[in-house]
$ cat work-v6.cif   # mmCIF, C-alpha atoms and all ligand atoms
data_work
#
loop_
_atom_site.label_atom_id
_atom_site.label_comp_id
_atom_site.auth_asym_id
_atom_site.auth_seq_id
_atom_site.Cartn_x
_atom_site.Cartn_y
_atom_site.Cartn_z
CA MET A 300 0.00 0.00 0.00
CA LYS A 301 1.40 3.40 -0.92
CA ILE A 302 2.11 5.38 2.23
CA GLY A 303 1.68 9.12 1.86
CA SER A 304 -0.68 12.06 2.01
CA GLU A 305 -3.28 10.19 -0.11
CA ILE A 306 -4.21 8.03 2.87
CA SER A 307 -5.31 8.56 6.45
CA ALA A 308 -4.63 6.45 9.52
CA ILE A 309 -6.05 6.00 13.01
CA VAL A 310 -3.70 5.23 15.88
CA THR A 311 -5.16 4.14 19.22
CA GLY A 312 -3.13 4.94 22.31
CA GLY A 313 -1.43 7.47 20.05
CA ALA A 314 -0.77 9.98 22.83
CA SER A 315 2.08 7.98 24.40
CA GLY A 316 4.75 5.34 23.92
CA LEU A 317 4.49 2.98 20.97
CA GLY A 318 1.30 4.65 19.69
CA ARG A 319 3.01 8.05 19.77
CA ALA A 320 5.97 6.61 17.84
CA SER A 321 3.54 5.21 15.24
CA VAL A 322 1.91 8.64 14.90
CA LEU A 323 5.32 10.28 14.37
CA ALA A 324 6.41 7.65 11.82
CA LEU A 325 3.18 7.86 9.82
CA ALA A 326 2.91 11.66 9.92
CA GLY A 327 6.61 11.82 8.95
CA ALA A 328 5.69 9.81 5.84
CA GLY A 329 2.92 12.31 5.04
CA VAL A 330 -0.07 10.25 6.25
CA LYS A 331 -3.04 12.14 7.77
CA VAL A 332 -3.25 10.78 11.30
CA THR A 333 -6.06 10.70 13.85
CA ILE A 334 -5.11 9.90 17.44
CA PHE A 335 -7.60 7.97 19.58
CA ASP A 336 -6.77 8.22 23.27
CA ILE A 337 -8.23 9.09 26.67
CA SER A 338 -5.22 11.25 27.48
CA ASP A 339 -6.61 14.49 26.06
CA GLU A 340 -3.82 16.93 26.77
CA SER A 341 -0.92 14.95 25.31
CA GLY A 342 -3.12 13.67 22.47
CA GLU A 343 -4.20 17.19 21.46
CA ARG A 344 -0.61 18.43 21.74
CA LEU A 345 0.79 15.67 19.51
CA ALA A 346 -2.02 16.08 16.97
CA ALA A 347 -1.23 19.80 16.71
CA GLU A 348 2.49 19.02 16.37
CA VAL A 349 1.98 16.64 13.41
CA GLY A 350 -0.95 18.47 11.77
CA GLY A 351 -3.30 15.60 12.62
CA GLN A 352 -6.51 15.36 14.63
CA PHE A 353 -7.31 14.07 18.10
CA CYS A 354 -10.47 12.27 19.22
CA HIS A 355 -11.18 11.37 22.82
CA VAL A 356 -11.94 7.65 22.45
CA ASP A 357 -12.16 5.01 25.14
CA ILE A 358 -11.40 1.64 23.53
CA MET A 359 -13.53 -0.07 26.20
CA SER A 360 -16.72 1.64 25.05
CA GLU A 361 -18.45 0.62 21.82
CA GLU A 362 -20.29 3.96 21.73
CA SER A 363 -17.13 6.00 22.21
CA VAL A 364 -15.30 4.00 19.54
CA LEU A 365 -18.11 4.28 16.95
CA SER A 366 -18.40 8.01 17.51
CA GLY A 367 -14.59 8.37 17.27
CA PHE A 368 -14.47 6.58 13.91
CA GLU A 369 -17.26 8.84 12.64
CA LYS A 370 -15.41 11.99 13.69
CA ALA A 371 -12.11 10.75 12.29
CA ARG A 372 -13.70 9.91 8.92
CA ASN A 373 -15.55 13.25 8.80
CA GLY A 374 -12.22 15.01 9.13
CA HIS A 375 -9.81 12.82 7.13
CA GLY A 376 -12.01 10.49 5.05
CA GLN A 377 -12.03 6.69 5.36
CA GLU A 378 -8.88 5.46 7.15
CA ARG A 379 -6.81 2.95 5.18
CA LEU A 380 -4.71 2.04 8.16
CA LEU A 381 -5.54 1.24 11.78
CA VAL A 382 -2.71 0.92 14.29
CA HIS A 383 -4.08 -0.37 17.59
CA CYS A 384 -1.73 0.25 20.52
CA ALA A 385 -3.99 1.17 23.47
CA VAL A 386 -4.47 -1.45 26.13
CA VAL A 387 -6.33 -1.82 29.40
CA ALA A 388 -4.81 -4.65 31.39
CA THR A 389 -4.77 -6.03 34.90
CA GLY A 390 -2.03 -8.01 36.63
CA GLY A 391 -2.26 -10.89 39.07
CA LYS A 392 -1.04 -14.40 39.74
CA THR A 393 -3.40 -17.38 39.38
CA VAL A 394 -2.85 -18.40 43.03
CA ARG A 395 -0.69 -16.45 45.47
CA PHE A 396 0.04 -16.54 49.17
CA ASP A 397 -1.40 -13.53 51.00
CA LYS A 398 0.84 -12.68 53.94
CA LYS A 399 -1.89 -10.56 55.56
CA THR A 400 -4.48 -13.31 55.77
CA GLY A 401 -1.98 -16.18 55.88
CA ALA A 402 -3.95 -17.99 53.18
CA TYR A 403 -3.75 -18.66 49.47
CA GLN A 404 -5.83 -16.47 47.18
CA ARG A 405 -6.66 -16.66 43.54
CA THR A 406 -7.02 -13.86 41.03
CA ALA A 407 -10.77 -13.39 40.71
CA THR A 408 -12.46 -14.48 37.50
CA GLU A 409 -13.68 -10.89 37.14
CA GLU A 410 -10.08 -9.63 37.07
CA PHE A 411 -9.22 -12.13 34.35
CA GLU A 412 -12.32 -11.05 32.45
CA LYS A 413 -11.25 -7.39 32.69
CA ALA A 414 -7.92 -8.20 31.05
CA MET A 415 -9.64 -10.14 28.27
CA LEU A 416 -11.98 -7.21 27.65
CA GLY A 417 -9.19 -4.62 27.63
CA VAL A 418 -6.74 -6.62 25.54
CA ALA A 419 -8.61 -9.10 23.32
CA VAL A 420 -12.18 -7.79 23.05
CA ALA A 421 -11.07 -4.18 22.55
CA THR A 422 -8.72 -5.36 19.78
CA TYR A 423 -11.58 -7.12 17.98
CA ARG A 424 -13.74 -4.00 18.41
CA MET A 425 -11.17 -1.67 16.86
CA ALA A 426 -10.14 -4.01 14.04
CA SER A 427 -13.68 -4.99 13.02
CA VAL A 428 -14.99 -1.41 12.99
CA ALA A 429 -12.01 -0.30 10.88
CA ALA A 430 -12.50 -3.27 8.51
CA LEU A 431 -16.19 -2.47 8.03
CA GLY A 432 -15.32 1.07 6.94
CA MET A 433 -12.49 -0.07 4.67
CA ALA A 434 -14.79 -2.68 3.07
CA GLY A 435 -16.93 0.09 1.57
CA SER A 436 -14.01 2.01 0.09
CA GLU A 437 -12.46 1.92 -3.38
CA PRO A 438 -9.45 -0.38 -3.91
CA LEU A 439 -6.16 1.51 -3.78
CA ASN A 440 -4.06 -0.53 -6.17
CA GLU A 441 -4.08 -3.32 -8.76
CA ASP A 442 -4.03 -5.98 -6.00
CA GLY A 443 -7.39 -4.62 -4.88
CA GLU A 444 -5.97 -3.54 -1.54
CA ARG A 445 -8.37 -1.47 0.55
CA GLY A 446 -6.48 -1.11 3.78
CA ALA A 447 -4.33 -2.61 6.50
CA ILE A 448 -4.54 -3.19 10.24
CA VAL A 449 -1.57 -3.39 12.61
CA LEU A 450 -2.25 -4.75 16.09
CA THR A 451 0.00 -4.57 19.12
CA SER A 452 0.46 -7.88 20.81
CA SER A 453 3.41 -8.65 23.12
CA VAL A 454 6.10 -11.27 23.61
CA ALA A 455 3.94 -12.14 26.64
CA ALA A 456 1.62 -13.86 24.14
CA GLN A 457 4.32 -16.52 23.78
CA ASP A 458 6.31 -16.23 26.99
CA GLY A 459 3.96 -14.78 29.58
CA GLN A 460 5.56 -14.35 33.00
CA VAL A 461 4.45 -14.92 36.57
CA GLY A 462 1.68 -12.44 37.35
CA GLN A 463 0.68 -11.95 33.71
CA ILE A 464 -2.10 -14.55 33.46
CA GLY A 465 -4.72 -12.05 32.23
CA TYR A 466 -2.45 -9.89 30.08
CA ALA A 467 -0.63 -12.82 28.48
CA SER A 468 -3.88 -14.69 27.77
CA GLY A 469 -5.32 -11.51 26.21
CA LYS A 470 -2.27 -11.00 24.00
CA GLY A 471 -2.37 -14.71 23.09
CA ALA A 472 -5.93 -14.15 21.90
CA VAL A 473 -4.75 -11.16 19.85
CA ASN A 474 -2.21 -13.41 18.11
CA ALA A 475 -4.83 -16.08 17.54
CA LEU A 476 -7.18 -13.53 15.96
CA VAL A 477 -4.73 -12.45 13.26
CA LEU A 478 -4.87 -15.38 10.82
CA PRO A 479 -8.65 -15.99 10.90
CA MET A 480 -9.26 -12.26 10.52
CA ALA A 481 -6.82 -12.06 7.58
CA ARG A 482 -8.84 -14.89 6.01
CA ASP A 483 -12.18 -13.24 6.82
CA LEU A 484 -10.97 -10.05 5.15
CA MET A 485 -9.10 -11.54 2.18
CA ASP A 486 -11.90 -10.99 -0.33
CA LEU A 487 -12.09 -7.36 0.77
CA GLY A 488 -8.39 -6.63 0.19
CA ILE A 489 -7.70 -5.82 3.85
CA ARG A 490 -4.53 -7.12 5.51
CA ILE A 491 -3.90 -7.61 9.21
CA ASN A 492 -0.69 -8.26 11.14
CA ALA A 493 0.46 -7.95 14.75
CA ILE A 494 3.71 -6.82 16.33
CA MET A 495 4.90 -8.53 19.53
CA PRO A 496 7.21 -6.01 21.21
CA GLY A 497 9.79 -7.14 23.74
CA THR A 498 10.77 -4.52 26.33
CA PHE A 499 10.45 -1.00 24.99
CA ALA A 500 11.44 2.32 26.53
CA THR A 501 7.94 3.78 26.87
CA PRO A 502 6.53 5.68 29.89
CA PRO A 503 5.38 2.54 31.81
CA MET A 504 8.91 1.09 31.47
CA LEU A 505 10.64 4.41 32.14
CA GLN A 506 8.67 4.55 35.39
CA VAL A 507 10.59 1.42 36.46
CA LYS A 508 13.80 3.40 35.85
CA GLU A 509 12.60 5.96 38.41
CA THR A 510 11.32 3.56 41.03
CA ASN A 511 13.76 0.68 40.60
CA PRO A 512 16.91 1.62 38.63
CA GLU A 513 18.60 -1.75 39.19
CA VAL A 514 15.64 -3.68 37.81
CA PHE A 515 15.55 -1.28 34.85
CA GLU A 516 19.23 -1.83 34.09
CA GLY A 517 18.65 -5.59 34.28
CA LEU A 518 15.88 -5.32 31.69
CA GLY A 519 18.30 -3.92 29.12
CA LYS A 520 21.05 -6.42 29.97
CA ALA A 521 18.63 -9.34 29.53
CA VAL A 522 18.30 -8.58 25.81
CA PRO A 523 20.73 -10.68 23.68
CA PHE A 524 21.38 -7.89 21.18
CA PRO A 525 21.22 -4.94 21.19
CA LYS A 526 21.70 -4.83 24.99
CA ARG A 527 19.08 -2.20 25.68
CA LEU A 528 15.36 -1.57 25.62
CA GLY A 529 13.70 -1.14 22.25
CA LEU A 530 13.28 2.41 21.02
CA PRO A 531 9.71 3.49 20.26
CA ALA A 532 10.97 4.71 16.85
CA GLU A 533 11.98 1.09 16.05
CA PHE A 534 8.37 0.08 16.64
CA GLY A 535 7.20 2.99 14.44
CA SER A 536 9.50 1.78 11.67
CA MET A 537 7.95 -1.72 11.83
CA VAL A 538 4.46 -0.20 11.66
CA LEU A 539 5.45 1.65 8.47
CA GLU A 540 6.82 -1.55 6.90
CA LEU A 541 3.69 -3.55 7.75
CA ALA A 542 1.55 -0.80 6.25
CA ARG A 543 3.68 -0.43 3.15
CA ASN A 544 4.48 -4.07 2.31
CA SER A 545 1.40 -5.53 0.61
CA TYR A 546 2.70 -9.09 0.87
CA MET A 547 2.78 -9.02 4.68
CA ASN A 548 -0.48 -10.54 5.87
CA GLY A 549 -1.72 -12.80 8.66
CA GLN A 550 1.55 -12.58 10.59
CA CYS A 551 2.58 -11.97 14.23
CA ILE A 552 6.13 -10.66 14.39
CA ARG A 553 8.39 -10.51 17.44
CA LEU A 554 10.33 -7.25 17.71
CA ASP A 555 12.48 -8.03 20.70
CA GLY A 556 16.28 -8.15 20.25
CA ALA A 557 15.97 -11.98 20.48
CA ILE A 558 14.79 -11.89 24.11
CA ARG A 559 12.86 -14.88 25.49
CA MET A 560 11.23 -13.91 28.76
CA PRO A 561 12.03 -16.14 31.76
CA PRO A 562 9.26 -17.22 34.17
CA LYS A 563 9.86 -14.05 36.25
N1 LIG A 601 6.39 -0.89 26.30
C1 LIG A 601 6.61 -2.19 26.24
O1 LIG A 601 7.67 -2.67 26.67
C2 LIG A 601 5.59 -3.11 25.65
C3 LIG A 601 5.93 -4.47 25.50
C4 LIG A 601 5.01 -5.33 24.94
C5 LIG A 601 3.77 -4.87 24.51
N2 LIG A 601 3.47 -3.54 24.67
C6 LIG A 601 2.15 -3.10 24.21
O2 LIG A 601 2.28 -1.89 23.50
C7 LIG A 601 1.08 -1.12 23.62
C8 LIG A 601 1.41 0.30 24.01
O3 LIG A 601 2.11 0.29 25.23
P1 LIG A 601 3.02 1.52 25.68
O4 LIG A 601 4.17 0.94 26.43
O5 LIG A 601 3.27 2.40 24.51
O6 LIG A 601 2.05 2.22 26.74
P2 LIG A 601 1.78 3.78 27.09
O7 LIG A 601 1.21 3.76 28.47
O8 LIG A 601 3.00 4.60 26.84
O9 LIG A 601 0.66 4.20 26.06
C9 LIG A 601 -0.64 3.68 26.13
C10 LIG A 601 -1.61 4.74 25.67
O10 LIG A 601 -2.92 4.15 25.67
C11 LIG A 601 -3.83 5.09 26.21
N3 LIG A 601 -4.98 4.41 26.77
C12 LIG A 601 -5.08 3.75 27.96
N4 LIG A 601 -6.32 3.31 28.16
C13 LIG A 601 -7.05 3.69 27.08
C14 LIG A 601 -8.42 3.55 26.71
N5 LIG A 601 -9.29 2.92 27.50
N6 LIG A 601 -8.82 4.06 25.52
C15 LIG A 601 -7.93 4.70 24.71
N7 LIG A 601 -6.65 4.90 25.03
C16 LIG A 601 -6.20 4.39 26.19
C17 LIG A 601 -3.02 5.83 27.28
O11 LIG A 601 -3.61 7.08 27.62
C18 LIG A 601 -1.67 5.97 26.60
O12 LIG A 601 -1.61 7.16 25.85
C19 LIG A 601 0.19 -1.89 24.58
O13 LIG A 601 -0.72 -2.67 23.84
C20 LIG A 601 1.17 -2.80 25.33
O14 LIG A 601 0.55 -3.97 25.80
C21 LIG A 601 4.34 -2.66 25.24
#

$ encode --input "work-v6.cif" --output "structure tokens"
Amino acid sequence: MKIGSEISAIVTGGASGLGRASVLALAGAGVKVTIFDISDESGERLAAEVGGQFCHVDIMSEESVLSGFEKARNGHGQERLLVHCAVVATGGKTVRFDKKTGAYQRTATEEFEKAMLGVAVATYRMASVAALGMAGSEPLNEDGERGAIVLTSSVAAQDGQVGQIGYASGKGAVNALVLPMARDLMDLGIRINAIMPGTFATPPMLQVKETNPEVFEGLGKAVPFPKRLGLPAEFGSMVLELARNSYMNGQCIRLDGAIRMPPK
């Protein structure tokens, strides 16, 4: 798919971290970008910086998402690219010993459900709404391509750690969605891929640097090569390639410096 000012894109979670890097990469290539986020101030600021638009969208709410897509399309026309980075996740171990009560406790089913809603269900919501819009648009090239979707999974989908039962299961579901959705959308000329980042230097990770510098240093050292956290711009570069390369479809790609996460 040709990447440039002829097309528009929506980036969820675009106000921070990997979403922000995707916004910068796409806008740098001339694409008209709409940021969906609940972080209004930084979202508005970034949109102004790149000449894009911001919509307050909560990925957990069907109503908010549908109204966001409508606003985005009113401003920039039908998006040909969706980059879904936002996530709502909960942590927790399946069974843990609670020192306070002196008894074992399990992570409640409701907590697990919350993670599935914020990771897997929200991903389906975003991807399917984007696909429905793209389905009604004109093909962009001789392949009949109408658009592309890039999801953000995680290496946790394959090597989830202690305490990540909900998050890792949710990301596993994101990976499992990619191939059947690529097949569902094949006659419409819409591609879908997912990126599984390793450990990236985004605000949640940089917070660890503040609170626990030794742990943070260890995170970088644990990467085979390069011995550091991933740069958000490296994620943005992968987003551009997945958008641009029409032969990439139905794939989940690790972007992780060859790290394999240990149990904890
Ligand atoms: N940073 C990493 O090391 C890493 C590793 C693996 C996977 N990931 C994945 O990358 C994605 C982005 O993570 P990040 O590190 O850039 O995080 P981040 O916190 O820097 O950015 C997340 C953005 O999502 C927005 N957001 C949160 N809840 C939302 C909601 N309900 N609706 C809309 N927007 C919402 C936040 O306001 C924020 O701007 C996530 O899917 C995460 O699971 C990150």

$ residues_near_ligand --input "work-v6.cif" --ligand "ligand LIG 601 (chain A)" --cutoff "9 Å" --atoms "all atoms listed in the file" --output "count of residues only"
57

$ closest_residue --input "work-v6.cif" --among "A:Ala456, A:Ile334, A:Leu380, A:Met485" --to "Ala347 in chain A" --atoms "only C-alpha atoms"
A:Ile334

$ atom_distance --input "work-v6.cif" --atom1 "CA of Gln460 in chain A" --atom2 "CA of Leu541 in chain A"
27.5 Å

$ residues_around --input "work-v6.cif" --residues "Ala532 in chain A" --least-positions-apart "2" --cutoff "8 Å" --atoms "all atoms listed in the file" --output "PyMOL selection string"
chain A and resi 317+320-321+324+530+534-536

$ residues_around --input "work-v6.cif" --residues "Val428 in chain A" --least-positions-apart "4" --cutoff "12 Å" --atoms "only C-alpha atoms" --output "list in words"
Ile309, Ile358, Glu361, Glu362, Val364, Leu365, Ser366, Gly367, Phe368, Glu369, Gln377, Glu378, Leu380, Leu381, His383, Ala421, Thr422, Tyr423, Arg424, Gly432, Met433, Ala434, Gly435 and Ile448 of chain A

$ residues_around --input "work-v6.cif" --residues "Asn548 in chain A" --least-positions-apart "2" --cutoff "12 Å" --atoms "only C-alpha atoms" --output "MDAnalysis selection string"
chainID A and resid 444 446:450 477:482 484:485 488:494 540:546 550:552

$ atom_distance --input "work-v6.cif" --atom1 "CA of Leu416 in chain A" --atom2 "CA of Met560 in chain A"
24.2 Å

$ build_atoms --input "work-v6.cif" --residues "range 462-492 of chain A" --atoms "N, CA and C atoms" --output "PDB file, in the frame of the given file"
ATOM      1  N   GLY A 462       2.459 -13.653  37.089  1.00  0.00           N
ATOM      2  CA  GLY A 462       1.680 -12.440  37.350  1.00  0.00           C
ATOM      3  C   GLY A 462       1.015 -11.859  36.120  1.00  0.00           C
ATOM      4  N   GLN A 463       1.224 -12.516  34.962  1.00  0.00           N
ATOM      5  CA  GLN A 463       0.680 -11.950  33.710  1.00  0.00           C
ATOM      6  C   GLN A 463      -0.454 -12.809  33.145  1.00  0.00           C
ATOM      7  N   ILE A 464      -1.127 -13.578  33.987  1.00  0.00           N
ATOM      8  CA  ILE A 464      -2.100 -14.550  33.460  1.00  0.00           C
ATOM      9  C   ILE A 464      -3.162 -13.872  32.566  1.00  0.00           C
ATOM     10  N   GLY A 465      -3.687 -12.733  33.020  1.00  0.00           N
ATOM     11  CA  GLY A 465      -4.720 -12.050  32.230  1.00  0.00           C
ATOM     12  C   GLY A 465      -4.138 -11.406  30.984  1.00  0.00           C
ATOM     13  N   TYR A 466      -3.087 -10.615  31.188  1.00  0.00           N
ATOM     14  CA  TYR A 466      -2.450  -9.890  30.080  1.00  0.00           C
ATOM     15  C   TYR A 466      -1.949 -10.853  29.004  1.00  0.00           C
ATOM     16  N   ALA A 467      -1.220 -11.886  29.438  1.00  0.00           N
ATOM     17  CA  ALA A 467      -0.630 -12.820  28.480  1.00  0.00           C
ATOM     18  C   ALA A 467      -1.725 -13.594  27.732  1.00  0.00           C
ATOM     19  N   SER A 468      -2.780 -13.979  28.447  1.00  0.00           N
ATOM     20  CA  SER A 468      -3.880 -14.690  27.770  1.00  0.00           C
ATOM     21  C   SER A 468      -4.555 -13.766  26.752  1.00  0.00           C
ATOM     22  N   GLY A 469      -4.711 -12.497  27.134  1.00  0.00           N
ATOM     23  CA  GLY A 469      -5.320 -11.510  26.210  1.00  0.00           C
ATOM     24  C   GLY A 469      -4.473 -11.337  24.971  1.00  0.00           C
ATOM     25  N   LYS A 470      -3.156 -11.199  25.155  1.00  0.00           N
ATOM     26  CA  LYS A 470      -2.270 -11.000  24.000  1.00  0.00           C
ATOM     27  C   LYS A 470      -2.217 -12.286  23.156  1.00  0.00           C
ATOM     28  N   GLY A 471      -2.316 -13.446  23.825  1.00  0.00           N
ATOM     29  CA  GLY A 471      -2.370 -14.710  23.090  1.00  0.00           C
ATOM     30  C   GLY A 471      -3.599 -14.735  22.187  1.00  0.00           C
ATOM     31  N   ALA A 472      -4.705 -14.204  22.704  1.00  0.00           N
ATOM     32  CA  ALA A 472      -5.930 -14.150  21.900  1.00  0.00           C
ATOM     33  C   ALA A 472      -5.766 -13.179  20.730  1.00  0.00           C
ATOM     34  N   VAL A 473      -5.019 -12.102  20.950  1.00  0.00           N
ATOM     35  CA  VAL A 473      -4.750 -11.160  19.850  1.00  0.00           C
ATOM     36  C   VAL A 473      -3.996 -11.896  18.738  1.00  0.00           C
ATOM     37  N   ASN A 474      -2.968 -12.656  19.118  1.00  0.00           N
ATOM     38  CA  ASN A 474      -2.210 -13.410  18.110  1.00  0.00           C
ATOM     39  C   ASN A 474      -3.116 -14.402  17.366  1.00  0.00           C
ATOM     40  N   ALA A 475      -3.978 -15.055  18.134  1.00  0.00           N
ATOM     41  CA  ALA A 475      -4.830 -16.080  17.540  1.00  0.00           C
ATOM     42  C   ALA A 475      -5.884 -15.488  16.603  1.00  0.00           C
ATOM     43  N   LEU A 476      -6.173 -14.211  16.793  1.00  0.00           N
ATOM     44  CA  LEU A 476      -7.180 -13.530  15.960  1.00  0.00           C
ATOM     45  C   LEU A 476      -6.647 -13.195  14.569  1.00  0.00           C
ATOM     46  N   VAL A 477      -5.309 -13.021  14.479  1.00  0.00           N
ATOM     47  CA  VAL A 477      -4.730 -12.450  13.260  1.00  0.00           C
ATOM     48  C   VAL A 477      -5.009 -13.285  11.999  1.00  0.00           C
ATOM     49  N   LEU A 478      -4.705 -14.574  12.038  1.00  0.00           N
ATOM     50  CA  LEU A 478      -4.870 -15.380  10.820  1.00  0.00           C
ATOM     51  C   LEU A 478      -6.349 -15.531  10.406  1.00  0.00           C
ATOM     52  N   PRO A 479      -7.246 -15.897  11.340  1.00  0.00           N
ATOM     53  CA  PRO A 479      -8.650 -15.990  10.900  1.00  0.00           C
ATOM     54  C   PRO A 479      -9.204 -14.662  10.403  1.00  0.00           C
ATOM     55  N   MET A 480      -8.740 -13.548  11.011  1.00  0.00           N
ATOM     56  CA  MET A 480      -9.260 -12.260  10.520  1.00  0.00           C
ATOM     57  C   MET A 480      -8.681 -11.942   9.141  1.00  0.00           C
ATOM     58  N   ALA A 481      -7.414 -12.282   8.919  1.00  0.00           N
ATOM     59  CA  ALA A 481      -6.820 -12.060   7.580  1.00  0.00           C
ATOM     60  C   ALA A 481      -7.623 -12.855   6.548  1.00  0.00           C
ATOM     61  N   ARG A 482      -8.058 -14.062   6.938  1.00  0.00           N
ATOM     62  CA  ARG A 482      -8.840 -14.890   6.010  1.00  0.00           C
ATOM     63  C   ARG A 482     -10.248 -14.334   5.821  1.00  0.00           C
ATOM     64  N   ASP A 483     -10.844 -13.851   6.922  1.00  0.00           N
ATOM     65  CA  ASP A 483     -12.180 -13.240   6.820  1.00  0.00           C
ATOM     66  C   ASP A 483     -12.163 -12.032   5.882  1.00  0.00           C
ATOM     67  N   LEU A 484     -11.032 -11.321   5.883  1.00  0.00           N
ATOM     68  CA  LEU A 484     -10.970 -10.050   5.150  1.00  0.00           C
ATOM     69  C   LEU A 484     -10.298 -10.169   3.787  1.00  0.00           C
ATOM     70  N   MET A 485      -9.909 -11.387   3.406  1.00  0.00           N
ATOM     71  CA  MET A 485      -9.100 -11.540   2.180  1.00  0.00           C
ATOM     72  C   MET A 485      -9.849 -11.104   0.925  1.00  0.00           C
ATOM     73  N   ASP A 486     -11.148 -11.369   0.874  1.00  0.00           N
ATOM     74  CA  ASP A 486     -11.900 -10.990  -0.330  1.00  0.00           C
ATOM     75  C   ASP A 486     -12.162  -9.487  -0.392  1.00  0.00           C
ATOM     76  N   LEU A 487     -11.880  -8.814   0.719  1.00  0.00           N
ATOM     77  CA  LEU A 487     -12.090  -7.360   0.770  1.00  0.00           C
ATOM     78  C   LEU A 487     -10.789  -6.597   0.521  1.00  0.00           C
ATOM     79  N   GLY A 488      -9.681  -7.304   0.426  1.00  0.00           N
ATOM     80  CA  GLY A 488      -8.390  -6.630   0.190  1.00  0.00           C
ATOM     81  C   GLY A 488      -7.893  -5.904   1.429  1.00  0.00           C
ATOM     82  N   ILE A 489      -8.164  -6.457   2.607  1.00  0.00           N
ATOM     83  CA  ILE A 489      -7.700  -5.820   3.850  1.00  0.00           C
ATOM     84  C   ILE A 489      -6.735  -6.783   4.543  1.00  0.00           C
ATOM     85  N   ARG A 490      -5.556  -6.277   4.848  1.00  0.00           N
ATOM     86  CA  ARG A 490      -4.530  -7.120   5.510  1.00  0.00           C
ATOM     87  C   ARG A 490      -4.519  -6.836   7.004  1.00  0.00           C
ATOM     88  N   ILE A 491      -4.054  -7.813   7.761  1.00  0.00           N
ATOM     89  CA  ILE A 491      -3.900  -7.610   9.210  1.00  0.00           C
ATOM     90  C   ILE A 491      -2.667  -8.363   9.707  1.00  0.00           C
ATOM     91  N   ASN A 492      -1.890  -7.677  10.532  1.00  0.00           N
ATOM     92  CA  ASN A 492      -0.690  -8.260  11.140  1.00  0.00           C
ATOM     93  C   ASN A 492      -0.600  -7.760  12.575  1.00  0.00           C
TER      94      ASN A 492
END
